[in-house]
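Below is coords.cif, which holds mmCIF, N, CA and C atoms.
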```cif
data_data
#
loop_
_atom_site.label_atom_id
_atom_site.label_comp_id
_atom_site.auth_asym_id
_atom_site.auth_seq_id
_atom_site.Cartn_x
_atom_site.Cartn_y
_atom_site.Cartn_z
N MET F 1 7.46 6.12 -17.13
CA MET F 1 7.20 4.71 -16.94
C MET F 1 8.21 3.90 -17.74
N PRO F 2 8.50 2.70 -17.26
CA PRO F 2 9.48 1.89 -17.99
C PRO F 2 8.95 1.47 -19.35
N SER F 3 9.81 1.55 -20.34
CA SER F 3 9.43 1.12 -21.69
C SER F 3 9.46 -0.41 -21.76
N ASP F 4 8.86 -0.95 -22.81
CA ASP F 4 8.91 -2.39 -23.02
C ASP F 4 10.36 -2.85 -23.12
N PHE F 5 11.18 -2.05 -23.82
CA PHE F 5 12.59 -2.39 -23.97
C PHE F 5 13.27 -2.45 -22.60
N ALA F 6 13.01 -1.45 -21.74
CA ALA F 6 13.64 -1.41 -20.41
C ALA F 6 13.21 -2.60 -19.57
N LEU F 7 11.94 -2.95 -19.62
CA LEU F 7 11.46 -4.10 -18.85
C LEU F 7 12.10 -5.40 -19.33
N LYS F 8 12.21 -5.56 -20.65
CA LYS F 8 12.85 -6.76 -21.20
C LYS F 8 14.33 -6.79 -20.85
N ALA F 9 14.98 -5.63 -20.88
CA ALA F 9 16.40 -5.56 -20.53
C ALA F 9 16.61 -5.93 -19.06
N MET F 10 15.74 -5.44 -18.18
CA MET F 10 15.86 -5.77 -16.76
C MET F 10 15.70 -7.27 -16.54
N ASN F 11 14.76 -7.89 -17.24
CA ASN F 11 14.58 -9.34 -17.12
C ASN F 11 15.80 -10.09 -17.64
N THR F 12 16.38 -9.61 -18.75
CA THR F 12 17.58 -10.25 -19.30
C THR F 12 18.74 -10.15 -18.32
N ILE F 13 18.91 -8.99 -17.72
CA ILE F 13 19.98 -8.80 -16.73
C ILE F 13 19.75 -9.71 -15.53
N HIS F 14 18.51 -9.77 -15.07
CA HIS F 14 18.19 -10.61 -13.93
C HIS F 14 18.53 -12.08 -14.23
N ARG F 15 18.13 -12.54 -15.40
CA ARG F 15 18.42 -13.93 -15.79
C ARG F 15 19.93 -14.16 -15.89
N SER F 16 20.67 -13.16 -16.37
CA SER F 16 22.13 -13.29 -16.47
C SER F 16 22.76 -13.45 -15.09
N ILE F 17 22.27 -12.69 -14.12
CA ILE F 17 22.78 -12.81 -12.75
C ILE F 17 22.52 -14.22 -12.22
N LEU F 18 21.31 -14.72 -12.45
CA LEU F 18 20.99 -16.09 -12.01
C LEU F 18 21.92 -17.10 -12.67
N THR F 19 22.12 -16.95 -13.96
CA THR F 19 22.96 -17.90 -14.70
C THR F 19 24.42 -17.81 -14.26
N LEU F 20 24.97 -16.59 -14.22
CA LEU F 20 26.38 -16.42 -13.88
C LEU F 20 26.69 -16.84 -12.44
N SER F 21 25.72 -16.73 -11.55
CA SER F 21 25.95 -17.11 -10.14
C SER F 21 25.59 -18.57 -9.88
N GLY F 22 25.21 -19.28 -10.93
CA GLY F 22 24.79 -20.67 -10.75
C GLY F 22 23.52 -20.77 -9.91
N GLY F 23 22.70 -19.74 -9.95
CA GLY F 23 21.44 -19.73 -9.19
C GLY F 23 21.59 -19.33 -7.74
N ARG F 24 22.79 -18.92 -7.33
CA ARG F 24 23.00 -18.52 -5.94
C ARG F 24 22.51 -17.10 -5.68
N LEU F 25 22.50 -16.27 -6.72
CA LEU F 25 22.05 -14.88 -6.58
C LEU F 25 20.84 -14.64 -7.48
N GLY F 26 19.96 -13.76 -7.07
CA GLY F 26 18.86 -13.35 -7.91
C GLY F 26 17.50 -13.86 -7.50
N TRP F 27 17.42 -14.66 -6.45
CA TRP F 27 16.12 -15.17 -6.02
C TRP F 27 15.49 -14.31 -4.94
N ARG F 28 16.12 -13.16 -4.65
CA ARG F 28 15.54 -12.14 -3.76
C ARG F 28 15.86 -10.79 -4.38
N ALA F 29 14.90 -9.88 -4.27
CA ALA F 29 15.10 -8.51 -4.77
C ALA F 29 14.26 -7.57 -3.92
N GLY F 30 14.87 -6.51 -3.46
CA GLY F 30 14.14 -5.54 -2.64
C GLY F 30 13.56 -6.15 -1.39
N GLY F 31 14.20 -7.21 -0.87
CA GLY F 31 13.72 -7.88 0.32
C GLY F 31 12.61 -8.89 0.06
N MET F 32 12.24 -9.07 -1.21
CA MET F 32 11.15 -9.98 -1.56
C MET F 32 11.67 -11.20 -2.31
N PRO F 33 10.99 -12.34 -2.16
CA PRO F 33 11.35 -13.49 -2.99
C PRO F 33 11.01 -13.19 -4.45
N VAL F 34 11.82 -13.75 -5.32
CA VAL F 34 11.63 -13.62 -6.77
C VAL F 34 11.14 -14.96 -7.30
N LEU F 35 10.26 -14.90 -8.26
CA LEU F 35 9.79 -16.11 -8.92
C LEU F 35 9.83 -15.89 -10.43
N GLU F 36 9.90 -16.99 -11.14
CA GLU F 36 9.81 -16.94 -12.60
C GLU F 36 8.40 -17.39 -12.96
N LEU F 37 7.67 -16.52 -13.65
CA LEU F 37 6.32 -16.81 -14.10
C LEU F 37 6.34 -17.08 -15.59
N ILE F 38 5.78 -18.21 -15.98
CA ILE F 38 5.70 -18.56 -17.40
C ILE F 38 4.22 -18.65 -17.77
N THR F 39 3.83 -17.77 -18.68
CA THR F 39 2.46 -17.72 -19.17
C THR F 39 2.44 -18.18 -20.62
N SER F 40 1.23 -18.35 -21.15
CA SER F 40 1.07 -18.62 -22.58
C SER F 40 0.69 -17.30 -23.23
N GLY F 41 1.42 -16.92 -24.28
CA GLY F 41 1.11 -15.69 -24.98
C GLY F 41 -0.35 -15.69 -25.44
N ARG F 42 -1.08 -14.63 -25.16
CA ARG F 42 -2.51 -14.59 -25.47
C ARG F 42 -2.78 -14.59 -26.97
N LYS F 43 -1.82 -14.12 -27.78
CA LYS F 43 -1.98 -14.12 -29.22
C LYS F 43 -1.24 -15.29 -29.87
N SER F 44 -0.01 -15.52 -29.42
CA SER F 44 0.83 -16.53 -30.05
C SER F 44 0.65 -17.92 -29.46
N GLY F 45 0.27 -18.00 -28.20
CA GLY F 45 0.22 -19.29 -27.52
C GLY F 45 1.58 -19.78 -27.08
N GLU F 46 2.63 -19.02 -27.42
CA GLU F 46 4.00 -19.39 -27.07
C GLU F 46 4.27 -19.09 -25.59
N PRO F 47 5.18 -19.86 -24.96
CA PRO F 47 5.51 -19.58 -23.57
C PRO F 47 6.22 -18.23 -23.44
N ARG F 48 5.85 -17.49 -22.42
CA ARG F 48 6.44 -16.17 -22.13
C ARG F 48 6.86 -16.17 -20.67
N ALA F 49 8.14 -15.92 -20.41
CA ALA F 49 8.68 -15.97 -19.04
C ALA F 49 9.07 -14.58 -18.57
N VAL F 50 8.81 -14.32 -17.30
CA VAL F 50 9.16 -13.04 -16.69
C VAL F 50 9.54 -13.29 -15.23
N MET F 51 10.51 -12.54 -14.76
CA MET F 51 10.92 -12.60 -13.37
C MET F 51 10.13 -11.54 -12.60
N LEU F 52 9.51 -11.95 -11.49
CA LEU F 52 8.68 -11.05 -10.69
C LEU F 52 8.97 -11.23 -9.21
N THR F 53 8.69 -10.20 -8.44
CA THR F 53 8.77 -10.32 -6.98
C THR F 53 7.39 -10.67 -6.43
N SER F 54 7.40 -11.26 -5.25
CA SER F 54 6.16 -11.60 -4.55
C SER F 54 6.22 -10.98 -3.16
N PRO F 55 5.55 -9.84 -2.97
CA PRO F 55 5.64 -9.16 -1.69
C PRO F 55 4.89 -9.86 -0.55
N VAL F 56 3.94 -10.72 -0.88
CA VAL F 56 3.14 -11.41 0.14
C VAL F 56 2.96 -12.86 -0.28
N GLN F 57 3.09 -13.75 0.69
CA GLN F 57 2.79 -15.16 0.50
C GLN F 57 1.94 -15.56 1.71
N GLU F 58 0.89 -16.32 1.45
CA GLU F 58 0.09 -16.81 2.57
C GLU F 58 -0.60 -18.11 2.20
N ASP F 59 -0.62 -19.03 3.13
CA ASP F 59 -1.28 -20.32 2.95
C ASP F 59 -0.83 -21.02 1.66
N GLY F 60 0.46 -20.95 1.37
CA GLY F 60 0.99 -21.62 0.18
C GLY F 60 0.70 -20.89 -1.12
N LYS F 61 0.13 -19.71 -1.04
CA LYS F 61 -0.19 -18.92 -2.23
C LYS F 61 0.83 -17.78 -2.34
N TRP F 62 1.15 -17.45 -3.59
CA TRP F 62 2.11 -16.39 -3.87
C TRP F 62 1.35 -15.23 -4.52
N ILE F 63 1.54 -14.03 -3.98
CA ILE F 63 0.84 -12.86 -4.49
C ILE F 63 1.84 -12.05 -5.33
N ILE F 64 1.42 -11.69 -6.54
CA ILE F 64 2.24 -10.85 -7.40
C ILE F 64 1.44 -9.60 -7.77
N VAL F 65 2.16 -8.54 -8.09
CA VAL F 65 1.56 -7.23 -8.32
C VAL F 65 1.72 -6.84 -9.79
N ALA F 66 0.61 -6.54 -10.44
CA ALA F 66 0.63 -6.16 -11.86
C ALA F 66 0.81 -4.65 -11.99
N SER F 67 1.89 -4.13 -11.42
CA SER F 67 2.08 -2.68 -11.34
C SER F 67 2.67 -2.05 -12.59
N ARG F 68 3.58 -2.74 -13.22
CA ARG F 68 4.33 -2.20 -14.38
C ARG F 68 4.92 -0.83 -14.04
N GLY F 69 5.36 -0.69 -12.78
CA GLY F 69 5.99 0.55 -12.32
C GLY F 69 5.05 1.74 -12.26
N GLY F 70 3.75 1.49 -12.19
CA GLY F 70 2.79 2.59 -12.15
C GLY F 70 2.33 3.06 -13.51
N ASP F 71 2.64 2.29 -14.53
CA ASP F 71 2.23 2.64 -15.90
C ASP F 71 0.71 2.54 -16.03
N ASP F 72 0.16 3.26 -17.00
CA ASP F 72 -1.28 3.20 -17.25
C ASP F 72 -1.71 1.91 -17.94
N ARG F 73 -0.74 1.15 -18.43
CA ARG F 73 -1.04 -0.12 -19.11
C ARG F 73 -0.72 -1.29 -18.19
N HIS F 74 -1.52 -2.35 -18.32
CA HIS F 74 -1.23 -3.58 -17.60
C HIS F 74 0.01 -4.24 -18.20
N PRO F 75 0.78 -4.98 -17.39
CA PRO F 75 1.90 -5.73 -17.96
C PRO F 75 1.38 -6.84 -18.87
N ALA F 76 2.19 -7.21 -19.84
CA ALA F 76 1.81 -8.26 -20.80
C ALA F 76 1.49 -9.57 -20.09
N TRP F 77 2.27 -9.92 -19.06
CA TRP F 77 2.02 -11.18 -18.36
C TRP F 77 0.62 -11.19 -17.74
N TYR F 78 0.13 -10.04 -17.28
CA TYR F 78 -1.21 -9.95 -16.70
C TYR F 78 -2.27 -10.20 -17.77
N LEU F 79 -2.08 -9.60 -18.93
CA LEU F 79 -3.01 -9.82 -20.04
C LEU F 79 -3.01 -11.29 -20.45
N ASN F 80 -1.84 -11.91 -20.41
CA ASN F 80 -1.75 -13.33 -20.75
C ASN F 80 -2.53 -14.20 -19.76
N ILE F 81 -2.44 -13.90 -18.47
CA ILE F 81 -3.17 -14.73 -17.50
C ILE F 81 -4.67 -14.48 -17.56
N GLN F 82 -5.07 -13.29 -18.01
CA GLN F 82 -6.51 -13.07 -18.21
C GLN F 82 -7.04 -14.02 -19.28
N ALA F 83 -6.22 -14.24 -20.30
CA ALA F 83 -6.61 -15.13 -21.40
C ALA F 83 -6.47 -16.60 -21.03
N ASN F 84 -5.46 -16.92 -20.20
CA ASN F 84 -5.22 -18.31 -19.82
C ASN F 84 -4.57 -18.32 -18.43
N PRO F 85 -5.34 -18.63 -17.38
CA PRO F 85 -4.80 -18.59 -16.03
C PRO F 85 -3.91 -19.77 -15.63
N SER F 86 -3.74 -20.73 -16.51
CA SER F 86 -2.83 -21.86 -16.21
C SER F 86 -1.41 -21.41 -16.48
N VAL F 87 -0.58 -21.42 -15.45
CA VAL F 87 0.79 -20.93 -15.55
C VAL F 87 1.77 -21.94 -14.97
N GLN F 88 3.04 -21.70 -15.24
CA GLN F 88 4.13 -22.44 -14.63
C GLN F 88 4.93 -21.44 -13.79
N VAL F 89 5.40 -21.88 -12.64
CA VAL F 89 6.14 -21.00 -11.74
C VAL F 89 7.36 -21.74 -11.23
N ARG F 90 8.49 -21.03 -11.22
CA ARG F 90 9.73 -21.56 -10.63
C ARG F 90 10.02 -20.70 -9.40
N LEU F 91 10.18 -21.38 -8.26
CA LEU F 91 10.47 -20.71 -7.00
C LEU F 91 11.87 -21.08 -6.54
N GLN F 92 12.66 -20.09 -6.17
CA GLN F 92 14.00 -20.32 -5.63
C GLN F 92 14.86 -21.23 -6.50
N GLY F 93 14.65 -21.19 -7.80
CA GLY F 93 15.46 -21.99 -8.70
C GLY F 93 15.08 -23.45 -8.76
N GLY F 94 13.97 -23.82 -8.13
CA GLY F 94 13.52 -25.21 -8.14
C GLY F 94 12.87 -25.59 -9.46
N ALA F 95 12.21 -26.71 -9.43
CA ALA F 95 11.52 -27.22 -10.62
C ALA F 95 10.27 -26.37 -10.90
N LEU F 96 9.86 -26.36 -12.15
CA LEU F 96 8.64 -25.66 -12.51
C LEU F 96 7.45 -26.33 -11.83
N GLN F 97 6.53 -25.50 -11.36
CA GLN F 97 5.30 -25.99 -10.74
C GLN F 97 4.12 -25.47 -11.53
N SER F 98 3.11 -26.30 -11.71
CA SER F 98 1.88 -25.85 -12.34
C SER F 98 1.06 -25.09 -11.30
N MET F 99 0.58 -23.92 -11.71
CA MET F 99 -0.23 -23.10 -10.82
C MET F 99 -1.36 -22.46 -11.61
N THR F 100 -2.34 -21.99 -10.86
CA THR F 100 -3.42 -21.21 -11.43
C THR F 100 -3.26 -19.78 -10.95
N ALA F 101 -3.38 -18.84 -11.86
CA ALA F 101 -3.28 -17.42 -11.54
C ALA F 101 -4.70 -16.84 -11.50
N ALA F 102 -5.08 -16.31 -10.35
CA ALA F 102 -6.41 -15.73 -10.19
C ALA F 102 -6.28 -14.27 -9.80
N ILE F 103 -7.03 -13.42 -10.48
CA ILE F 103 -7.03 -12.00 -10.13
C ILE F 103 -7.80 -11.84 -8.83
N ALA F 104 -7.20 -11.17 -7.87
CA ALA F 104 -7.82 -11.01 -6.56
C ALA F 104 -9.15 -10.27 -6.70
N SER F 105 -10.16 -10.77 -5.98
CA SER F 105 -11.46 -10.09 -5.93
C SER F 105 -11.28 -8.73 -5.26
N PRO F 106 -12.23 -7.83 -5.40
CA PRO F 106 -12.09 -6.52 -4.75
C PRO F 106 -11.84 -6.62 -3.24
N ALA F 107 -12.55 -7.47 -2.55
CA ALA F 107 -12.35 -7.61 -1.10
C ALA F 107 -10.97 -8.20 -0.79
N GLU F 108 -10.59 -9.23 -1.55
CA GLU F 108 -9.29 -9.86 -1.36
C GLU F 108 -8.17 -8.87 -1.69
N ARG F 109 -8.34 -8.12 -2.77
CA ARG F 109 -7.33 -7.14 -3.15
C ARG F 109 -7.16 -6.10 -2.05
N SER F 110 -8.25 -5.61 -1.51
CA SER F 110 -8.18 -4.59 -0.46
C SER F 110 -7.37 -5.09 0.73
N ARG F 111 -7.66 -6.30 1.18
CA ARG F 111 -6.93 -6.88 2.31
C ARG F 111 -5.46 -7.10 1.97
N LEU F 112 -5.20 -7.68 0.81
CA LEU F 112 -3.82 -7.97 0.41
C LEU F 112 -3.04 -6.69 0.11
N TRP F 113 -3.70 -5.71 -0.52
CA TRP F 113 -3.02 -4.45 -0.85
C TRP F 113 -2.50 -3.78 0.41
N ASP F 114 -3.31 -3.79 1.46
CA ASP F 114 -2.87 -3.19 2.73
C ASP F 114 -1.60 -3.88 3.22
N ALA F 115 -1.53 -5.20 3.11
CA ALA F 115 -0.34 -5.95 3.53
C ALA F 115 0.86 -5.63 2.63
N VAL F 116 0.61 -5.51 1.33
CA VAL F 116 1.69 -5.20 0.38
C VAL F 116 2.31 -3.85 0.69
N VAL F 117 1.49 -2.80 0.76
CA VAL F 117 2.04 -1.45 0.93
C VAL F 117 2.54 -1.18 2.34
N ALA F 118 2.08 -1.96 3.32
CA ALA F 118 2.59 -1.79 4.69
C ALA F 118 4.07 -2.13 4.75
N THR F 119 4.47 -3.14 3.99
CA THR F 119 5.87 -3.58 4.00
C THR F 119 6.68 -3.00 2.84
N TYR F 120 6.03 -2.79 1.69
CA TYR F 120 6.71 -2.32 0.49
C TYR F 120 5.97 -1.09 -0.05
N PRO F 121 6.17 0.08 0.59
CA PRO F 121 5.39 1.28 0.23
C PRO F 121 5.58 1.76 -1.21
N HIS F 122 6.63 1.33 -1.89
CA HIS F 122 6.80 1.77 -3.28
C HIS F 122 5.64 1.33 -4.16
N TYR F 123 4.96 0.24 -3.81
CA TYR F 123 3.79 -0.17 -4.59
C TYR F 123 2.67 0.87 -4.45
N GLY F 124 2.54 1.47 -3.27
CA GLY F 124 1.58 2.55 -3.09
C GLY F 124 1.92 3.75 -3.94
N THR F 125 3.21 4.02 -4.08
CA THR F 125 3.65 5.12 -4.96
C THR F 125 3.30 4.81 -6.40
N TYR F 126 3.49 3.56 -6.81
CA TYR F 126 3.10 3.18 -8.17
C TYR F 126 1.62 3.45 -8.40
N GLN F 127 0.78 3.15 -7.40
CA GLN F 127 -0.66 3.34 -7.55
C GLN F 127 -1.01 4.81 -7.76
N THR F 128 -0.23 5.71 -7.15
CA THR F 128 -0.51 7.15 -7.32
C THR F 128 -0.16 7.65 -8.71
N LYS F 129 0.63 6.88 -9.46
CA LYS F 129 1.07 7.30 -10.79
C LYS F 129 0.07 6.97 -11.89
N THR F 130 -0.96 6.17 -11.57
CA THR F 130 -1.88 5.71 -12.60
C THR F 130 -3.32 5.79 -12.12
N ASP F 131 -4.22 5.94 -13.06
CA ASP F 131 -5.65 5.93 -12.74
C ASP F 131 -6.20 4.51 -12.66
N ARG F 132 -5.49 3.55 -13.23
CA ARG F 132 -5.99 2.18 -13.17
C ARG F 132 -5.71 1.61 -11.78
N GLU F 133 -6.61 0.77 -11.30
CA GLU F 133 -6.33 0.08 -10.05
C GLU F 133 -5.35 -1.05 -10.35
N ILE F 134 -4.22 -1.02 -9.67
CA ILE F 134 -3.20 -2.04 -9.91
C ILE F 134 -3.70 -3.37 -9.37
N PRO F 135 -3.82 -4.37 -10.25
CA PRO F 135 -4.33 -5.67 -9.81
C PRO F 135 -3.31 -6.48 -9.03
N LEU F 136 -3.82 -7.30 -8.16
CA LEU F 136 -3.02 -8.31 -7.49
C LEU F 136 -3.45 -9.67 -8.04
N VAL F 137 -2.48 -10.54 -8.21
CA VAL F 137 -2.73 -11.87 -8.74
C VAL F 137 -2.28 -12.89 -7.71
N VAL F 138 -3.13 -13.88 -7.48
CA VAL F 138 -2.86 -14.93 -6.50
C VAL F 138 -2.50 -16.20 -7.27
N LEU F 139 -1.31 -16.70 -7.01
CA LEU F 139 -0.83 -17.93 -7.64
C LEU F 139 -1.04 -19.09 -6.68
N THR F 140 -1.78 -20.10 -7.12
CA THR F 140 -2.10 -21.26 -6.30
C THR F 140 -1.65 -22.51 -7.02
N SER F 141 -0.95 -23.38 -6.29
CA SER F 141 -0.47 -24.63 -6.87
C SER F 141 -1.64 -25.52 -7.29
N THR F 142 -1.49 -26.14 -8.45
CA THR F 142 -2.49 -27.09 -8.91
C THR F 142 -2.04 -28.52 -8.63
N SER F 143 -0.84 -28.66 -8.05
CA SER F 143 -0.31 -29.98 -7.72
C SER F 143 -0.90 -30.43 -6.39
N PRO F 144 -1.19 -31.72 -6.24
CA PRO F 144 -1.69 -32.19 -4.96
C PRO F 144 -0.61 -32.04 -3.89
N ALA F 145 -1.04 -31.66 -2.70
CA ALA F 145 -0.09 -31.44 -1.59
C ALA F 145 0.41 -32.74 -1.03
#
```

If you convert what's in this file into C-alpha cells, what do you get?
Amino acid sequence: MPSDFALKAMNTIHRSILTLSGGRLGWRAGGMPVLELITSGRKSGEPRAVMLTSPVQEDGKWIIVASRGGDDRHPAWYLNIQANPSVQVRLQGGALQSMTAAIASPAERSRLWDAVVATYPHYGTYQTKTDREIPLVVLTSTSPA
C-alpha cells in the first residue's frame, strides 16, 4: 500500500504539473476529472488540501472514493470530513466552492459503486486488497444555484 510519504509526494508532483503548465495540465487523470479537496484537519483545524479524482458525477454532485489504494486505513481527508463535512473544492482550476461532503448511505454506495467499477475497475481491485468497505463520498455544493 502507498505510504503517507508516497501519497504526499504524488500530490506534490501533481501540484507541480498544474503550476508548471499554468493549469493547462493536471485536471484529468486516468480518464477522470481531478478536483482539489480542502478539508479542516480534525486535530489541528488547519486547512488540508489533496488532489483527488472523481469517477462519477451526477446531478451536480461529485463522487470521490476513499480507497487509499486499497489500504486497510482510511485516507486522512476522509477522517477529516467525518469530523467536519464542510469543505472547499476547486474544479478544473476554477474558484474554490463551498461544498458539503456526505458519506454515501449503504444503498447509495451500492448503486454508485457499481457505476464506479463499471468504468474504472481498478477501484474494484482496491476493494479486494482490504477488509474495510471503501467509502464513497458525495460532494454537494452549498452555494445557491

Work out how far atom C of Gly124 (chain F) is from atom C of Leu136 (chain F), in Å to one decimal.
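Taking atom C of Leu136 (chain F) and atom C of Gly124 (chain F), their separation equals 15.0 Å.
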
Protein, DNA and RNA residues within 12 Å of (3.7, -7.2, -13.4), only C-alpha atoms, as a PyMOL selection string:
chain F and resi 2+4+7+11+35-37+49-54+63-71+73-81+123+126+134-137

From F:Lys61, F:Arg28, F:Arg111, F:Arg48, residue lying nearest Thr140 (chain F) [only C-alpha atoms]
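The closest residue to Thr140 (chain F) is F:Lys61.
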
Measure the distance from CA of Val87 (chain F) to CA of Arg109 (chain F) in Å and round it to one decimal.
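So the two atoms, CA of Val87 (chain F) and CA of Arg109 (chain F), lie 20.2 Å apart.
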
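Picture a line from atom C of Ala29 (chain F) to atom N of Asp114 (chain F); it runs 18.8 Å.
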
Please expand the PyMOL selection byres ((chain F and resi 142) around 5) into the concrete residues it hits in this file, giving the result as a PDB file with N, CA and C atoms, in the frame of the given file.
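Done, and the output landed in selection.pdb:
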```
ATOM      1  N   SER F  98       3.110 -26.300 -11.710  1.00  0.00           N
ATOM      2  CA  SER F  98       1.880 -25.850 -12.340  1.00  0.00           C
ATOM      3  C   SER F  98       1.060 -25.090 -11.300  1.00  0.00           C
ATOM      4  N   MET F  99       0.580 -23.920 -11.710  1.00  0.00           N
ATOM      5  CA  MET F  99      -0.230 -23.100 -10.820  1.00  0.00           C
ATOM      6  C   MET F  99      -1.360 -22.460 -11.610  1.00  0.00           C
ATOM      7  N   THR F 100      -2.340 -21.990 -10.860  1.00  0.00           N
ATOM      8  CA  THR F 100      -3.420 -21.210 -11.430  1.00  0.00           C
ATOM      9  C   THR F 100      -3.260 -19.780 -10.950  1.00  0.00           C
ATOM     10  N   THR F 140      -1.780 -20.100  -7.120  1.00  0.00           N
ATOM     11  CA  THR F 140      -2.100 -21.260  -6.300  1.00  0.00           C
ATOM     12  C   THR F 140      -1.650 -22.510  -7.020  1.00  0.00           C
ATOM     13  N   SER F 141      -0.950 -23.380  -6.290  1.00  0.00           N
ATOM     14  CA  SER F 141      -0.470 -24.630  -6.870  1.00  0.00           C
ATOM     15  C   SER F 141      -1.640 -25.520  -7.290  1.00  0.00           C
ATOM     16  N   SER F 143      -0.840 -28.660  -8.050  1.00  0.00           N
ATOM     17  CA  SER F 143      -0.310 -29.980  -7.720  1.00  0.00           C
ATOM     18  C   SER F 143      -0.900 -30.430  -6.390  1.00  0.00           C
ATOM     19  N   PRO F 144      -1.190 -31.720  -6.240  1.00  0.00           N
ATOM     20  CA  PRO F 144      -1.690 -32.190  -4.960  1.00  0.00           C
ATOM     21  C   PRO F 144      -0.610 -32.040  -3.890  1.00  0.00           C
TER      22      PRO F 144
END
```

Pull the strand (DSSP E or B) assignments for region 12-105 of chain F out of DSSP run on the backbone, and list those residues as a count of residues only.
40

Who sits within 8 Å of Gln92 (chain F), only N, CA and C atoms, same chain under 3 positions skipped, as a list of chain:residue names:
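So, after excluding close chain neighbours, the residues are F:Gly23, F:Gly26, F:Trp27, F:Arg28, F:Pro33, F:Val34, F:Leu35, F:Glu36, F:Val89, F:Ala95.
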
Atom completion result for region 31-37 of chain F (all heavy atoms) as an mmCIF file, in the frame of the given file:
```cif
data_model
loop_
_atom_site.group_PDB
_atom_site.id
_atom_site.type_symbol
_atom_site.label_atom_id
_atom_site.label_comp_id
_atom_site.auth_asym_id
_atom_site.auth_seq_id
_atom_site.Cartn_x
_atom_site.Cartn_y
_atom_site.Cartn_z
ATOM 1 N N GLY F 31 14.200 -7.210 -0.870
ATOM 2 C CA GLY F 31 13.720 -7.880 0.320
ATOM 3 C C GLY F 31 12.610 -8.890 0.060
ATOM 4 O O GLY F 31 12.107 -9.512 0.981
ATOM 5 N N MET F 32 12.240 -9.070 -1.210
ATOM 6 C CA MET F 32 11.150 -9.980 -1.560
ATOM 7 C C MET F 32 11.670 -11.200 -2.310
ATOM 8 O O MET F 32 12.658 -11.104 -3.032
ATOM 9 C CB MET F 32 10.152 -9.271 -2.488
ATOM 10 C CG MET F 32 9.409 -8.144 -1.843
ATOM 11 S SD MET F 32 8.370 -7.269 -3.040
ATOM 12 C CE MET F 32 9.570 -6.130 -3.748
ATOM 13 N N PRO F 33 10.990 -12.340 -2.160
ATOM 14 C CA PRO F 33 11.350 -13.490 -2.990
ATOM 15 C C PRO F 33 11.010 -13.190 -4.450
ATOM 16 O O PRO F 33 10.061 -12.483 -4.754
ATOM 17 C CB PRO F 33 10.488 -14.629 -2.444
ATOM 18 C CG PRO F 33 9.494 -14.030 -1.536
ATOM 19 C CD PRO F 33 9.920 -12.639 -1.222
ATOM 20 N N VAL F 34 11.820 -13.750 -5.320
ATOM 21 C CA VAL F 34 11.630 -13.620 -6.770
ATOM 22 C C VAL F 34 11.140 -14.960 -7.300
ATOM 23 O O VAL F 34 11.568 -16.012 -6.833
ATOM 24 C CB VAL F 34 12.956 -13.221 -7.454
ATOM 25 C CG1 VAL F 34 12.856 -13.310 -8.965
ATOM 26 C CG2 VAL F 34 13.373 -11.822 -7.020
ATOM 27 N N LEU F 35 10.260 -14.900 -8.260
ATOM 28 C CA LEU F 35 9.790 -16.110 -8.920
ATOM 29 C C LEU F 35 9.830 -15.890 -10.430
ATOM 30 O O LEU F 35 9.827 -14.761 -10.906
ATOM 31 C CB LEU F 35 8.385 -16.506 -8.458
ATOM 32 C CG LEU F 35 7.259 -15.489 -8.617
ATOM 33 C CD1 LEU F 35 6.635 -15.539 -10.001
ATOM 34 C CD2 LEU F 35 6.196 -15.752 -7.567
ATOM 35 N N GLU F 36 9.900 -16.990 -11.140
ATOM 36 C CA GLU F 36 9.810 -16.940 -12.600
ATOM 37 C C GLU F 36 8.400 -17.390 -12.960
ATOM 38 O O GLU F 36 7.970 -18.484 -12.603
ATOM 39 C CB GLU F 36 10.835 -17.870 -13.235
ATOM 40 C CG GLU F 36 10.775 -17.850 -14.752
ATOM 41 C CD GLU F 36 11.789 -18.776 -15.395
ATOM 42 O OE1 GLU F 36 12.211 -19.762 -14.750
ATOM 43 O OE2 GLU F 36 12.150 -18.525 -16.556
ATOM 44 N N LEU F 37 7.670 -16.520 -13.650
ATOM 45 C CA LEU F 37 6.320 -16.810 -14.100
ATOM 46 C C LEU F 37 6.340 -17.080 -15.590
ATOM 47 O O LEU F 37 6.857 -16.278 -16.370
ATOM 48 C CB LEU F 37 5.405 -15.611 -13.807
ATOM 49 C CG LEU F 37 3.959 -15.728 -14.295
ATOM 50 C CD1 LEU F 37 3.197 -16.756 -13.461
ATOM 51 C CD2 LEU F 37 3.273 -14.375 -14.248
#
```
